[in-house]
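Worksheet for the structure shown next.
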Amino acid sequence: MENSDPRAALDALVVEHGESYAALSRMIGRNDAYLQQYVRRGSPRMLAESDRRALAGYFGVPETRLGGRETLSPGVTVPLLDVAAAAGAGSLLAQEDDARGRQFDPALLRFLGIRPADATVIGVTGDSMSPTLEHGDEILVDRASRVIGKRPALFVLRLEGVLMVKRLSRAGDRIAIASDNPAYPPIRPQPVSAVDVIGRVAWLGRVPG
């Protein structure tokens, strides 16, 4: 929780970091007494935006801690491909460049470790990945994450011209392609060269039904 009193917050930061008001005042281009007067006497009544930004950056804290207004981060538009990643038999890729978009909080993308330029949203059809993925779900795909390991993980892939989402794992020069729904048998392991990995599934969006 941020300190509601920016003067007390600045004073605490100065003590915590062993700084001096005079040195900090000079750093932001003010006279030596400027920040001490701000904290002790309330003059100026509030910090200038440029001073607050410089101090927050120096101490590595959000500007809100020093009295800045909290602002919402603008959303990142992630393309929504006008194709279906089939969770059943598969769906032929068509109009892959015809994209709409979904808004994502940039903080979520950072938490997931995905660069906005590498993110794509694709719709799921079919039930072969149930209960993990259901028909109508939307998945966020990290197109920069394409390495298949020994541990099974969800990926979107293209196999023989068909786009699908499956659980992939690698053993030697073969890739195992499995469904989560036991009613669907696994696809015969494929040579690495035969599987075009689009990206790893990093997030699932489900519409309540």
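Following the order of the structure tokens, chains are lettered A, B, ..., residues in each are numbered from 1, and ligands are numbered from 1.
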All helix (DSSP H, G or I) positions in chain A, as a CSV table (one decimal) with all heavy atoms, in the first residue's frame:
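Full text of part-v8.csv as output:
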```csv
chain,number,residue,atom,x,y,z
A,6,PRO,N,2.9,12.1,1.0
A,6,PRO,CA,4.2,12.0,0.2
A,6,PRO,C,5.4,12.6,0.9
A,6,PRO,O,6.5,12.2,0.7
A,6,PRO,CB,3.8,12.8,-1.0
A,6,PRO,CG,2.6,13.7,-0.6
A,6,PRO,CD,1.9,12.9,0.4
A,7,ARG,N,5.2,13.6,1.9
A,7,ARG,CA,6.3,14.1,2.6
A,7,ARG,C,6.9,13.1,3.5
A,7,ARG,O,8.1,12.9,3.6
A,7,ARG,CB,5.8,15.3,3.4
A,7,ARG,CG,5.5,16.6,2.5
A,7,ARG,CD,5.1,17.8,3.4
A,7,ARG,NE,4.9,18.9,2.6
A,7,ARG,CZ,3.8,19.2,1.9
A,7,ARG,NH1,2.8,18.4,1.9
A,7,ARG,NH2,3.7,20.3,1.1
A,8,ALA,N,6.0,12.3,4.2
A,8,ALA,CA,6.5,11.3,5.1
A,8,ALA,C,7.2,10.2,4.3
A,8,ALA,O,8.2,9.6,4.7
A,8,ALA,CB,5.3,10.7,5.9
A,9,ALA,N,6.6,9.9,3.1
A,9,ALA,CA,7.2,8.9,2.2
A,9,ALA,C,8.6,9.3,1.8
A,9,ALA,O,9.6,8.5,1.8
A,9,ALA,CB,6.3,8.6,1.0
A,10,LEU,N,8.8,10.5,1.4
A,10,LEU,CA,10.1,11.0,1.0
A,10,LEU,C,11.1,11.0,2.1
A,10,LEU,O,12.2,10.6,2.0
A,10,LEU,CB,10.0,12.4,0.4
A,10,LEU,CG,11.3,13.1,-0.1
A,10,LEU,CD1,12.0,12.2,-1.1
A,10,LEU,CD2,11.1,14.5,-0.6
A,11,ASP,N,10.6,11.4,3.3
A,11,ASP,CA,11.5,11.4,4.5
A,11,ASP,C,12.0,10.0,4.8
A,11,ASP,O,13.1,9.8,5.1
A,11,ASP,CB,10.7,12.0,5.7
A,11,ASP,CG,11.7,12.3,6.8
A,11,ASP,OD1,12.7,12.9,6.6
A,11,ASP,OD2,11.3,12.0,8.0
A,12,ALA,N,11.0,9.0,4.7
A,12,ALA,CA,11.4,7.6,5.0
A,12,ALA,C,12.4,7.1,4.0
A,12,ALA,O,13.3,6.4,4.3
A,12,ALA,CB,10.1,6.8,5.0
A,13,LEU,N,12.3,7.5,2.7
A,13,LEU,CA,13.2,7.1,1.7
A,13,LEU,C,14.6,7.7,1.9
A,13,LEU,O,15.6,7.0,1.7
A,13,LEU,CB,12.7,7.5,0.3
A,13,LEU,CG,11.5,6.6,-0.2
A,13,LEU,CD1,10.9,7.3,-1.5
A,13,LEU,CD2,11.9,5.2,-0.5
A,14,VAL,N,14.6,8.9,2.3
A,14,VAL,CA,15.9,9.6,2.6
A,14,VAL,C,16.6,8.9,3.7
A,14,VAL,O,17.9,8.6,3.6
A,14,VAL,CB,15.7,11.1,2.9
A,14,VAL,CG1,17.0,11.7,3.5
A,14,VAL,CG2,15.2,11.8,1.7
A,15,VAL,N,15.9,8.6,4.8
A,15,VAL,CA,16.5,7.9,5.9
A,15,VAL,C,16.9,6.5,5.5
A,15,VAL,O,18.1,6.0,5.8
A,15,VAL,CB,15.5,7.8,7.1
A,15,VAL,CG1,16.1,6.9,8.2
A,15,VAL,CG2,15.2,9.2,7.6
A,16,GLU,N,16.1,5.8,4.8
A,16,GLU,CA,16.3,4.4,4.4
A,16,GLU,C,17.6,4.3,3.6
A,16,GLU,O,18.4,3.3,3.7
A,16,GLU,CB,15.1,3.8,3.7
A,16,GLU,CG,15.3,2.4,3.2
A,16,GLU,CD,14.1,1.9,2.4
A,16,GLU,OE1,13.1,2.6,2.3
A,16,GLU,OE2,14.3,0.8,1.7
A,17,HIS,N,17.8,5.2,2.7
A,17,HIS,CA,18.9,5.2,1.7
A,17,HIS,C,20.1,6.0,2.2
A,17,HIS,O,21.1,6.0,1.5
A,17,HIS,CB,18.4,5.6,0.3
A,17,HIS,CG,17.5,4.7,-0.3
A,17,HIS,ND1,17.9,3.7,-1.2
A,17,HIS,CD2,16.1,4.6,-0.2
A,17,HIS,CE1,16.8,3.1,-1.7
A,17,HIS,NE2,15.7,3.6,-1.1
A,21,TYR,N,19.0,15.7,2.1
A,21,TYR,CA,18.1,16.6,1.3
A,21,TYR,C,18.8,17.5,0.4
A,21,TYR,O,18.4,17.8,-0.7
A,21,TYR,CB,17.2,17.3,2.3
A,21,TYR,CG,16.1,16.5,2.9
A,21,TYR,CD1,16.1,16.2,4.2
A,21,TYR,CD2,15.1,16.0,2.1
A,21,TYR,CE1,15.0,15.5,4.8
A,21,TYR,CE2,14.1,15.2,2.6
A,21,TYR,CZ,14.1,15.0,4.0
A,21,TYR,OH,13.1,14.2,4.5
A,22,ALA,N,20.0,18.0,0.9
A,22,ALA,CA,20.7,19.0,0.0
A,22,ALA,C,21.2,18.3,-1.3
A,22,ALA,O,21.1,18.9,-2.4
A,22,ALA,CB,21.9,19.5,0.8
A,23,ALA,N,21.7,17.1,-1.2
A,23,ALA,CA,22.3,16.4,-2.4
A,23,ALA,C,21.1,16.1,-3.3
A,23,ALA,O,21.2,16.2,-4.5
A,23,ALA,CB,23.0,15.2,-2.0
A,24,LEU,N,20.0,15.7,-2.8
A,24,LEU,CA,18.8,15.3,-3.6
A,24,LEU,C,18.3,16.6,-4.3
A,24,LEU,O,17.9,16.6,-5.4
A,24,LEU,CB,17.8,14.6,-2.8
A,24,LEU,CG,18.1,13.2,-2.3
A,24,LEU,CD1,17.0,12.7,-1.4
A,24,LEU,CD2,18.2,12.3,-3.5
A,25,SER,N,18.3,17.7,-3.5
A,25,SER,CA,17.8,19.0,-4.1
A,25,SER,C,18.7,19.4,-5.3
A,25,SER,O,18.2,19.8,-6.3
A,25,SER,CB,17.8,20.0,-3.0
A,25,SER,OG,16.9,19.7,-2.0
A,26,ARG,N,20.0,19.3,-5.1
A,26,ARG,CA,20.9,19.6,-6.2
A,26,ARG,C,20.7,18.7,-7.4
A,26,ARG,O,20.8,19.1,-8.6
A,26,ARG,CB,22.4,19.6,-5.7
A,26,ARG,CG,22.7,20.7,-4.8
A,26,ARG,CD,24.2,20.8,-4.6
A,26,ARG,NE,24.8,19.6,-4.0
A,26,ARG,CZ,24.9,19.4,-2.6
A,26,ARG,NH1,24.5,20.3,-1.8
A,26,ARG,NH2,25.5,18.3,-2.2
A,27,MET,N,20.4,17.4,-7.1
A,27,MET,CA,20.2,16.4,-8.2
A,27,MET,C,19.1,16.8,-9.1
A,27,MET,O,19.1,16.6,-10.3
A,27,MET,CB,20.0,15.0,-7.6
A,27,MET,CG,19.8,13.9,-8.7
A,27,MET,SD,19.2,12.4,-8.0
A,27,MET,CE,17.5,12.8,-7.6
A,34,TYR,N,15.7,23.1,-0.7
A,34,TYR,CA,14.4,23.0,-1.4
A,34,TYR,C,13.6,21.8,-0.8
A,34,TYR,O,12.5,22.0,-0.3
A,34,TYR,CB,14.6,22.8,-2.9
A,34,TYR,CG,13.3,22.6,-3.6
A,34,TYR,CD1,12.5,23.7,-3.9
A,34,TYR,CD2,12.9,21.4,-4.1
A,34,TYR,CE1,11.3,23.6,-4.6
A,34,TYR,CE2,11.7,21.2,-4.8
A,34,TYR,CZ,10.9,22.3,-5.1
A,34,TYR,OH,9.8,22.2,-5.8
A,35,LEU,N,14.2,20.6,-0.8
A,35,LEU,CA,13.4,19.4,-0.4
A,35,LEU,C,13.2,19.4,1.2
A,35,LEU,O,12.2,18.9,1.6
A,35,LEU,CB,14.1,18.1,-0.8
A,35,LEU,CG,14.0,17.9,-2.3
A,35,LEU,CD1,14.8,16.6,-2.7
A,35,LEU,CD2,12.6,17.7,-2.8
A,36,GLN,N,14.2,19.9,1.9
A,36,GLN,CA,14.0,19.9,3.3
A,36,GLN,C,12.9,20.9,3.7
A,36,GLN,O,12.0,20.6,4.6
A,36,GLN,CB,15.3,20.4,4.0
A,36,GLN,CG,15.2,20.3,5.6
A,36,GLN,CD,16.5,20.4,6.2
A,36,GLN,OE1,17.4,21.1,5.7
A,36,GLN,NE2,16.7,19.8,7.4
A,37,GLN,N,12.7,22.0,3.0
A,37,GLN,CA,11.6,22.9,3.3
A,37,GLN,C,10.3,22.3,2.8
A,37,GLN,O,9.3,22.5,3.5
A,37,GLN,CB,11.9,24.2,2.5
A,37,GLN,CG,13.0,25.1,3.1
A,37,GLN,CD,13.2,26.3,2.2
A,37,GLN,OE1,12.8,26.4,1.1
A,37,GLN,NE2,13.9,27.3,2.8
A,38,TYR,N,10.3,21.5,1.8
A,38,TYR,CA,9.1,20.8,1.3
A,38,TYR,C,8.6,19.9,2.4
A,38,TYR,O,7.4,19.8,2.7
A,38,TYR,CB,9.4,20.1,0.0
A,38,TYR,CG,8.4,19.0,-0.4
A,38,TYR,CD1,7.1,19.4,-0.8
A,38,TYR,CD2,8.6,17.7,-0.3
A,38,TYR,CE1,6.1,18.5,-1.1
A,38,TYR,CE2,7.7,16.7,-0.6
A,38,TYR,CZ,6.4,17.1,-1.0
A,38,TYR,OH,5.5,16.2,-1.3
A,39,VAL,N,9.5,19.1,3.0
A,39,VAL,CA,9.2,18.1,4.0
A,39,VAL,C,8.8,18.7,5.3
A,39,VAL,O,7.8,18.4,5.9
A,39,VAL,CB,10.3,17.0,4.1
A,39,VAL,CG1,10.0,16.1,5.3
A,39,VAL,CG2,10.4,16.2,2.8
A,40,ARG,N,9.7,19.6,5.8
A,40,ARG,CA,9.6,20.2,7.1
A,40,ARG,C,8.6,21.3,7.2
A,40,ARG,O,7.9,21.5,8.3
A,40,ARG,CB,10.9,20.7,7.7
A,40,ARG,CG,12.1,19.6,7.6
A,40,ARG,CD,11.8,18.4,8.4
A,40,ARG,NE,13.0,17.5,8.3
A,40,ARG,CZ,12.9,16.2,8.6
A,40,ARG,NH1,11.8,15.6,8.9
A,40,ARG,NH2,14.0,15.5,8.5
A,41,ARG,N,8.5,22.1,6.2
A,41,ARG,CA,7.7,23.3,6.3
A,41,ARG,C,6.4,23.3,5.3
A,41,ARG,O,5.6,24.2,5.4
A,41,ARG,CB,8.5,24.6,6.0
A,41,ARG,CG,9.7,24.8,6.9
A,41,ARG,CD,10.4,26.0,6.6
A,41,ARG,NE,11.6,26.2,7.4
A,41,ARG,CZ,12.5,27.2,7.3
A,41,ARG,NH1,12.3,28.1,6.3
A,41,ARG,NH2,13.5,27.3,8.1
A,49,GLU,N,5.9,17.9,-11.1
A,49,GLU,CA,5.9,16.6,-11.7
A,49,GLU,C,7.3,16.1,-12.1
A,49,GLU,O,7.6,15.0,-11.9
A,49,GLU,CB,4.9,16.6,-13.0
A,49,GLU,CG,4.8,15.3,-13.6
A,49,GLU,CD,3.8,15.3,-14.8
A,49,GLU,OE1,3.2,16.3,-15.0
A,49,GLU,OE2,3.7,14.3,-15.5
A,50,SER,N,8.1,17.0,-12.7
A,50,SER,CA,9.4,16.6,-13.2
A,50,SER,C,10.3,16.2,-11.9
A,50,SER,O,11.1,15.3,-12.0
A,50,SER,CB,10.1,17.8,-13.9
A,50,SER,OG,10.1,18.9,-13.2
A,51,ASP,N,10.1,17.0,-10.8
A,51,ASP,CA,10.9,16.7,-9.6
A,51,ASP,C,10.5,15.3,-9.0
A,51,ASP,O,11.3,14.5,-8.6
A,51,ASP,CB,10.7,17.8,-8.6
A,51,ASP,CG,11.3,19.1,-9.0
A,51,ASP,OD1,12.1,19.1,-9.9
A,51,ASP,OD2,10.9,20.1,-8.4
A,52,ARG,N,9.2,15.1,-9.0
A,52,ARG,CA,8.6,13.8,-8.4
A,52,ARG,C,9.1,12.7,-9.3
A,52,ARG,O,9.5,11.6,-8.8
A,52,ARG,CB,7.1,13.9,-8.4
A,52,ARG,CG,6.5,12.7,-7.7
A,52,ARG,CD,5.0,12.8,-7.6
A,52,ARG,NE,4.4,13.0,-8.9
A,52,ARG,CZ,3.7,14.1,-9.3
A,52,ARG,NH1,3.6,15.1,-8.6
A,52,ARG,NH2,3.2,14.1,-10.5
A,53,ARG,N,9.1,12.8,-10.6
A,53,ARG,CA,9.5,11.8,-11.5
A,53,ARG,C,11.0,11.4,-11.3
A,53,ARG,O,11.3,10.3,-11.2
A,53,ARG,CB,9.2,12.1,-12.9
A,53,ARG,CG,9.5,11.0,-13.9
A,53,ARG,CD,9.3,11.4,-15.4
A,53,ARG,NE,7.9,11.8,-15.6
A,53,ARG,CZ,7.4,13.0,-15.9
A,53,ARG,NH1,8.3,14.0,-16.1
A,53,ARG,NH2,6.2,13.2,-16.0
A,54,ALA,N,11.8,12.5,-11.2
A,54,ALA,CA,13.2,12.3,-11.0
A,54,ALA,C,13.5,11.6,-9.7
A,54,ALA,O,14.3,10.6,-9.6
A,54,ALA,CB,13.9,13.6,-11.0
A,55,LEU,N,12.8,11.9,-8.6
A,55,LEU,CA,13.0,11.3,-7.3
A,55,LEU,C,12.5,9.9,-7.3
A,55,LEU,O,13.2,9.0,-6.7
A,55,LEU,CB,12.3,12.1,-6.2
A,55,LEU,CG,13.0,13.5,-5.9
A,55,LEU,CD1,12.1,14.4,-5.1
A,55,LEU,CD2,14.4,13.3,-5.2
A,56,ALA,N,11.4,9.7,-7.9
A,56,ALA,CA,10.8,8.3,-7.9
A,56,ALA,C,11.8,7.4,-8.7
A,56,ALA,O,12.0,6.2,-8.3
A,56,ALA,CB,9.4,8.3,-8.5
A,57,GLY,N,12.3,7.9,-9.8
A,57,GLY,CA,13.2,7.1,-10.6
A,57,GLY,C,14.5,6.8,-9.8
A,57,GLY,O,15.1,5.7,-9.9
A,58,TYR,N,15.0,7.8,-9.1
A,58,TYR,CA,16.2,7.6,-8.3
A,58,TYR,C,16.1,6.6,-7.2
A,58,TYR,O,17.0,5.7,-7.1
A,58,TYR,CB,16.6,9.0,-7.7
A,58,TYR,CG,17.9,8.9,-6.9
A,58,TYR,CD1,19.2,8.9,-7.5
A,58,TYR,CD2,17.8,8.8,-5.5
A,58,TYR,CE1,20.3,8.8,-6.7
A,58,TYR,CE2,19.0,8.8,-4.7
A,58,TYR,CZ,20.2,8.7,-5.4
A,58,TYR,OH,21.4,8.6,-4.6
A,59,PHE,N,14.9,6.6,-6.5
A,59,PHE,CA,14.7,5.6,-5.5
A,59,PHE,C,14.1,4.3,-5.9
A,59,PHE,O,14.0,3.4,-5.2
A,59,PHE,CB,13.8,6.3,-4.4
A,59,PHE,CG,14.5,7.3,-3.5
A,59,PHE,CD1,14.1,8.6,-3.6
A,59,PHE,CD2,15.5,7.0,-2.7
A,59,PHE,CE1,14.7,9.6,-2.8
A,59,PHE,CE2,16.2,7.9,-1.9
A,59,PHE,CZ,15.7,9.2,-1.9
A,63,GLU,N,5.7,6.7,-8.7
A,63,GLU,CA,5.4,8.1,-8.4
A,63,GLU,C,4.3,8.3,-7.5
A,63,GLU,O,4.2,9.3,-6.7
A,63,GLU,CB,5.1,8.9,-9.7
A,63,GLU,CG,6.3,9.1,-10.6
A,63,GLU,CD,6.0,10.0,-11.8
A,63,GLU,OE1,5.5,11.1,-11.5
A,63,GLU,OE2,6.3,9.6,-12.9
A,64,THR,N,3.3,7.4,-7.4
A,64,THR,CA,2.2,7.5,-6.5
A,64,THR,C,2.7,7.5,-5.0
A,64,THR,O,2.0,8.1,-4.2
A,64,THR,CB,1.3,6.3,-6.7
A,64,THR,OG1,2.0,5.1,-6.6
A,64,THR,CG2,0.5,6.3,-8.0
A,65,ARG,N,3.8,7.0,-4.8
A,65,ARG,CA,4.3,7.0,-3.4
A,65,ARG,C,4.8,8.4,-3.0
A,65,ARG,O,4.8,8.7,-1.8
A,65,ARG,CB,5.5,6.0,-3.3
A,65,ARG,CG,6.1,5.9,-1.8
A,65,ARG,CD,7.0,4.7,-1.7
A,65,ARG,NE,7.6,4.6,-0.4
A,65,ARG,CZ,8.5,3.7,0.0
A,65,ARG,NH1,8.8,2.8,-0.9
A,65,ARG,NH2,9.0,3.7,1.2
A,66,LEU,N,5.1,9.2,-4.0
A,66,LEU,CA,5.5,10.6,-3.7
A,66,LEU,C,4.4,11.6,-4.1
A,66,LEU,O,4.8,12.8,-4.3
A,66,LEU,CB,6.8,10.9,-4.4
A,66,LEU,CG,8.0,10.0,-4.0
A,66,LEU,CD1,9.2,10.3,-4.9
A,66,LEU,CD2,8.3,10.2,-2.5
A,106,PRO,N,-0.7,-4.8,-20.0
A,106,PRO,CA,0.7,-5.0,-20.2
A,106,PRO,C,1.4,-5.7,-19.0
A,106,PRO,O,2.4,-6.4,-19.2
A,106,PRO,CB,1.3,-3.6,-20.5
A,106,PRO,CG,0.2,-2.6,-20.0
A,106,PRO,CD,-1.1,-3.3,-20.1
A,107,ALA,N,0.8,-5.5,-17.8
A,107,ALA,CA,1.4,-6.1,-16.6
A,107,ALA,C,1.2,-7.6,-16.7
A,107,ALA,O,2.1,-8.4,-16.3
A,107,ALA,CB,0.8,-5.6,-15.3
A,108,LEU,N,0.1,-8.1,-17.3
A,108,LEU,CA,-0.1,-9.5,-17.4
A,108,LEU,C,0.9,-10.1,-18.4
A,108,LEU,O,1.5,-11.2,-18.2
A,108,LEU,CB,-1.5,-9.8,-17.9
A,108,LEU,CG,-1.9,-11.2,-18.2
A,108,LEU,CD1,-1.7,-12.1,-17.0
A,108,LEU,CD2,-3.3,-11.4,-18.8
A,109,LEU,N,1.1,-9.4,-19.5
A,109,LEU,CA,2.1,-9.9,-20.5
A,109,LEU,C,3.5,-10.0,-19.9
A,109,LEU,O,4.2,-10.9,-20.2
A,109,LEU,CB,2.0,-9.0,-21.7
A,109,LEU,CG,0.7,-9.0,-22.5
A,109,LEU,CD1,0.9,-8.1,-23.8
A,109,LEU,CD2,0.3,-10.4,-23.0
A,110,ARG,N,3.8,-9.0,-19.1
A,110,ARG,CA,5.2,-9.0,-18.5
A,110,ARG,C,5.2,-10.2,-17.5
A,110,ARG,O,6.3,-10.8,-17.4
A,110,ARG,CB,5.4,-7.7,-17.7
A,110,ARG,CG,5.7,-6.5,-18.7
A,110,ARG,CD,6.3,-5.3,-17.9
A,110,ARG,NE,5.4,-4.8,-16.8
A,110,ARG,CZ,4.5,-3.9,-17.1
A,110,ARG,NH1,4.4,-3.3,-18.3
A,110,ARG,NH2,3.7,-3.5,-16.1
A,111,PHE,N,4.2,-10.4,-16.7
A,111,PHE,CA,4.2,-11.5,-15.8
A,111,PHE,C,4.3,-12.8,-16.5
A,111,PHE,O,5.0,-13.7,-16.0
A,111,PHE,CB,2.8,-11.5,-15.0
A,111,PHE,CG,2.7,-12.7,-14.1
A,111,PHE,CD1,3.3,-12.7,-12.9
A,111,PHE,CD2,1.8,-13.7,-14.4
A,111,PHE,CE1,3.2,-13.8,-12.1
A,111,PHE,CE2,1.7,-14.8,-13.6
A,111,PHE,CZ,2.3,-14.9,-12.4
A,112,LEU,N,3.7,-13.0,-17.7
A,112,LEU,CA,3.8,-14.2,-18.5
A,112,LEU,C,5.1,-14.3,-19.3
A,112,LEU,O,5.4,-15.3,-19.8
A,112,LEU,CB,2.6,-14.3,-19.4
A,112,LEU,CG,1.2,-14.4,-18.8
A,112,LEU,CD1,0.1,-14.3,-19.9
A,112,LEU,CD2,1.0,-15.7,-18.0
A,116,PRO,N,4.7,-8.1,-26.4
A,116,PRO,CA,3.5,-7.8,-27.2
A,116,PRO,C,3.6,-8.2,-28.7
A,116,PRO,O,2.6,-8.7,-29.3
A,116,PRO,CB,3.2,-6.3,-27.0
A,116,PRO,CG,3.8,-6.0,-25.7
A,116,PRO,CD,5.1,-6.9,-25.6
A,117,ALA,N,4.8,-8.0,-29.2
A,117,ALA,CA,5.0,-8.3,-30.7
A,117,ALA,C,4.9,-9.8,-30.9
A,117,ALA,O,4.7,-10.2,-32.1
A,117,ALA,CB,6.3,-7.8,-31.2
A,118,ASP,N,5.1,-10.6,-29.9
A,118,ASP,CA,5.1,-12.1,-30.1
A,118,ASP,C,3.7,-12.7,-29.7
A,118,ASP,O,3.6,-14.0,-29.7
A,118,ASP,CB,6.2,-12.7,-29.2
A,118,ASP,CG,7.6,-12.3,-29.7
A,118,ASP,OD1,7.7,-12.1,-30.9
A,118,ASP,OD2,8.5,-12.2,-28.8
A,192,VAL,N,10.7,-34.2,-36.0
A,192,VAL,CA,10.8,-32.8,-35.7
A,192,VAL,C,10.5,-31.9,-36.9
A,192,VAL,O,9.8,-30.9,-36.8
A,192,VAL,CB,12.1,-32.5,-35.0
A,192,VAL,CG1,12.3,-30.9,-34.8
A,192,VAL,CG2,12.2,-33.2,-33.7
A,193,SER,N,11.1,-32.3,-38.0
A,193,SER,CA,11.0,-31.5,-39.2
A,193,SER,C,9.6,-31.4,-39.8
A,193,SER,O,9.3,-30.6,-40.6
A,193,SER,CB,11.9,-32.1,-40.3
A,193,SER,OG,11.6,-33.4,-40.6
A,194,ALA,N,8.7,-32.3,-39.4
A,194,ALA,CA,7.3,-32.4,-39.9
A,194,ALA,C,6.4,-31.5,-39.1
A,194,ALA,O,5.3,-31.2,-39.6
A,194,ALA,CB,6.8,-33.8,-39.9
```
Output as a tab-separated table one row per residue of stretch 104-145 of chain A within 10 Å of stretch 184-191 of chain A: the closest atom pair and its distance in Å to one decimal place, counting only C-alpha atoms, sorted by chain and residue number ascending.
```
residue	atom	partner	partner_atom	distance
A:Asp127	CA	A:Tyr184	CA	9.2
A:Ser128	CA	A:Tyr184	CA	6.1
A:Met129	CA	A:Tyr184	CA	8.8
```
Those residues you just picked out, can you put them in a file as a short mmCIF file (atom, residue, chain, number, x, y, z; two decimals), in the first residue's frame with N, CA and C atoms?
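Just written: again_23.cif:
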```
data_model
loop_
_atom_site.label_atom_id
_atom_site.label_comp_id
_atom_site.auth_asym_id
_atom_site.auth_seq_id
_atom_site.Cartn_x
_atom_site.Cartn_y
_atom_site.Cartn_z
N ASP A 127 -13.38 -30.62 -28.80
CA ASP A 127 -13.31 -31.01 -27.40
C ASP A 127 -12.16 -31.97 -27.09
N SER A 128 -11.20 -32.11 -27.99
CA SER A 128 -10.15 -33.10 -27.75
C SER A 128 -9.20 -32.70 -26.64
N MET A 129 -9.17 -31.39 -26.29
CA MET A 129 -8.30 -30.95 -25.20
C MET A 129 -9.08 -30.71 -23.92
#
```
So which residues touch stretch 73-80 of chain A within 9 Å, counting only C-alpha atoms, skipping near sequence neighbours fewer than 5 positions away, as JSON, numbers by chain? {"A": [98, 99, 100, 101, 102, 103, 104, 105, 106, 107, 109, 116, 117, 118, 119, 120, 121, 122, 123, 138, 140]}
Just to be explicit: take each residue in the selection above, keep C-alpha atoms, and write the result as a compact mmCIF listing (two decimals), in the first residue's frame.
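Writing done, so here's result20.txt:
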```
# COMPACT_ATOMS: atom_id res chain seq x y z
CA ASP A 98 -7.16 -11.07 -41.24
CA ALA A 99 -6.91 -10.17 -37.54
CA ARG A 100 -9.00 -8.36 -34.97
CA GLY A 101 -7.74 -7.81 -31.48
CA ARG A 102 -8.08 -8.39 -27.75
CA GLN A 103 -6.98 -5.95 -25.05
CA PHE A 104 -4.46 -7.20 -22.49
CA ASP A 105 -3.01 -5.50 -19.44
CA PRO A 106 0.70 -5.00 -20.19
CA ALA A 107 1.42 -6.11 -16.61
CA LEU A 109 2.06 -9.89 -20.50
CA PRO A 116 3.45 -7.83 -27.20
CA ALA A 117 4.95 -8.33 -30.67
CA ASP A 118 5.06 -12.10 -30.07
CA ALA A 119 1.51 -12.47 -28.71
CA THR A 120 -1.43 -13.87 -30.67
CA VAL A 121 -4.92 -14.89 -29.58
CA ILE A 122 -6.55 -17.87 -31.30
CA GLY A 123 -9.98 -19.43 -30.77
CA GLU A 138 -9.47 -18.26 -26.50
CA LEU A 140 -2.91 -16.51 -25.78
```
Please, which residues of stretch 37-156 of chain A, numbered as in this document, come out strand (DSSP E or B) from DSSP, as a ChimeraX atom specification? /A:76-86,91-92,99-104,119-125,138-142,153-156
Would you mind telling me which residue in A:Ile177, A:Ile139, A:Ala144, A:Leu154 lies nearest to A:Leu204 when using only C-alpha atoms?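 Between A:Ile177, A:Ile139, A:Ala144, A:Leu154, the residue approaching A:Leu204 most closely is A:Ile139.
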What's around stretch 150-152 of chain A at 8 Å? Count only C-alpha atoms, leave out sequence neighbours fewer than 3 positions away in its own chain, and write the answer as an MDAnalysis selection string. chainID A and resid 167:171
Atom pair atom CA of A:Ile114 / atom CA of A:Asp142: separation (Å):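 Separation between atom CA of A:Ile114 and atom CA of A:Asp142: 6.2 Å.
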Identify, on the basis of only C-alpha atoms, every residue whose closest approach to stretch 145-148 of chain A does not exceed 8 Å; exclude the query and any residue fewer than 4 positions from it along the same chain; express the result as a PyMOL selection string. chain A and resi 153+155+168-170+175+197-200
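When only C-alpha atoms are used to compute distances to A:Gly205, the closest of the residues A:Val124, A:Gly172, A:Arg143, A:Asn181 turns out to be A:Val124.
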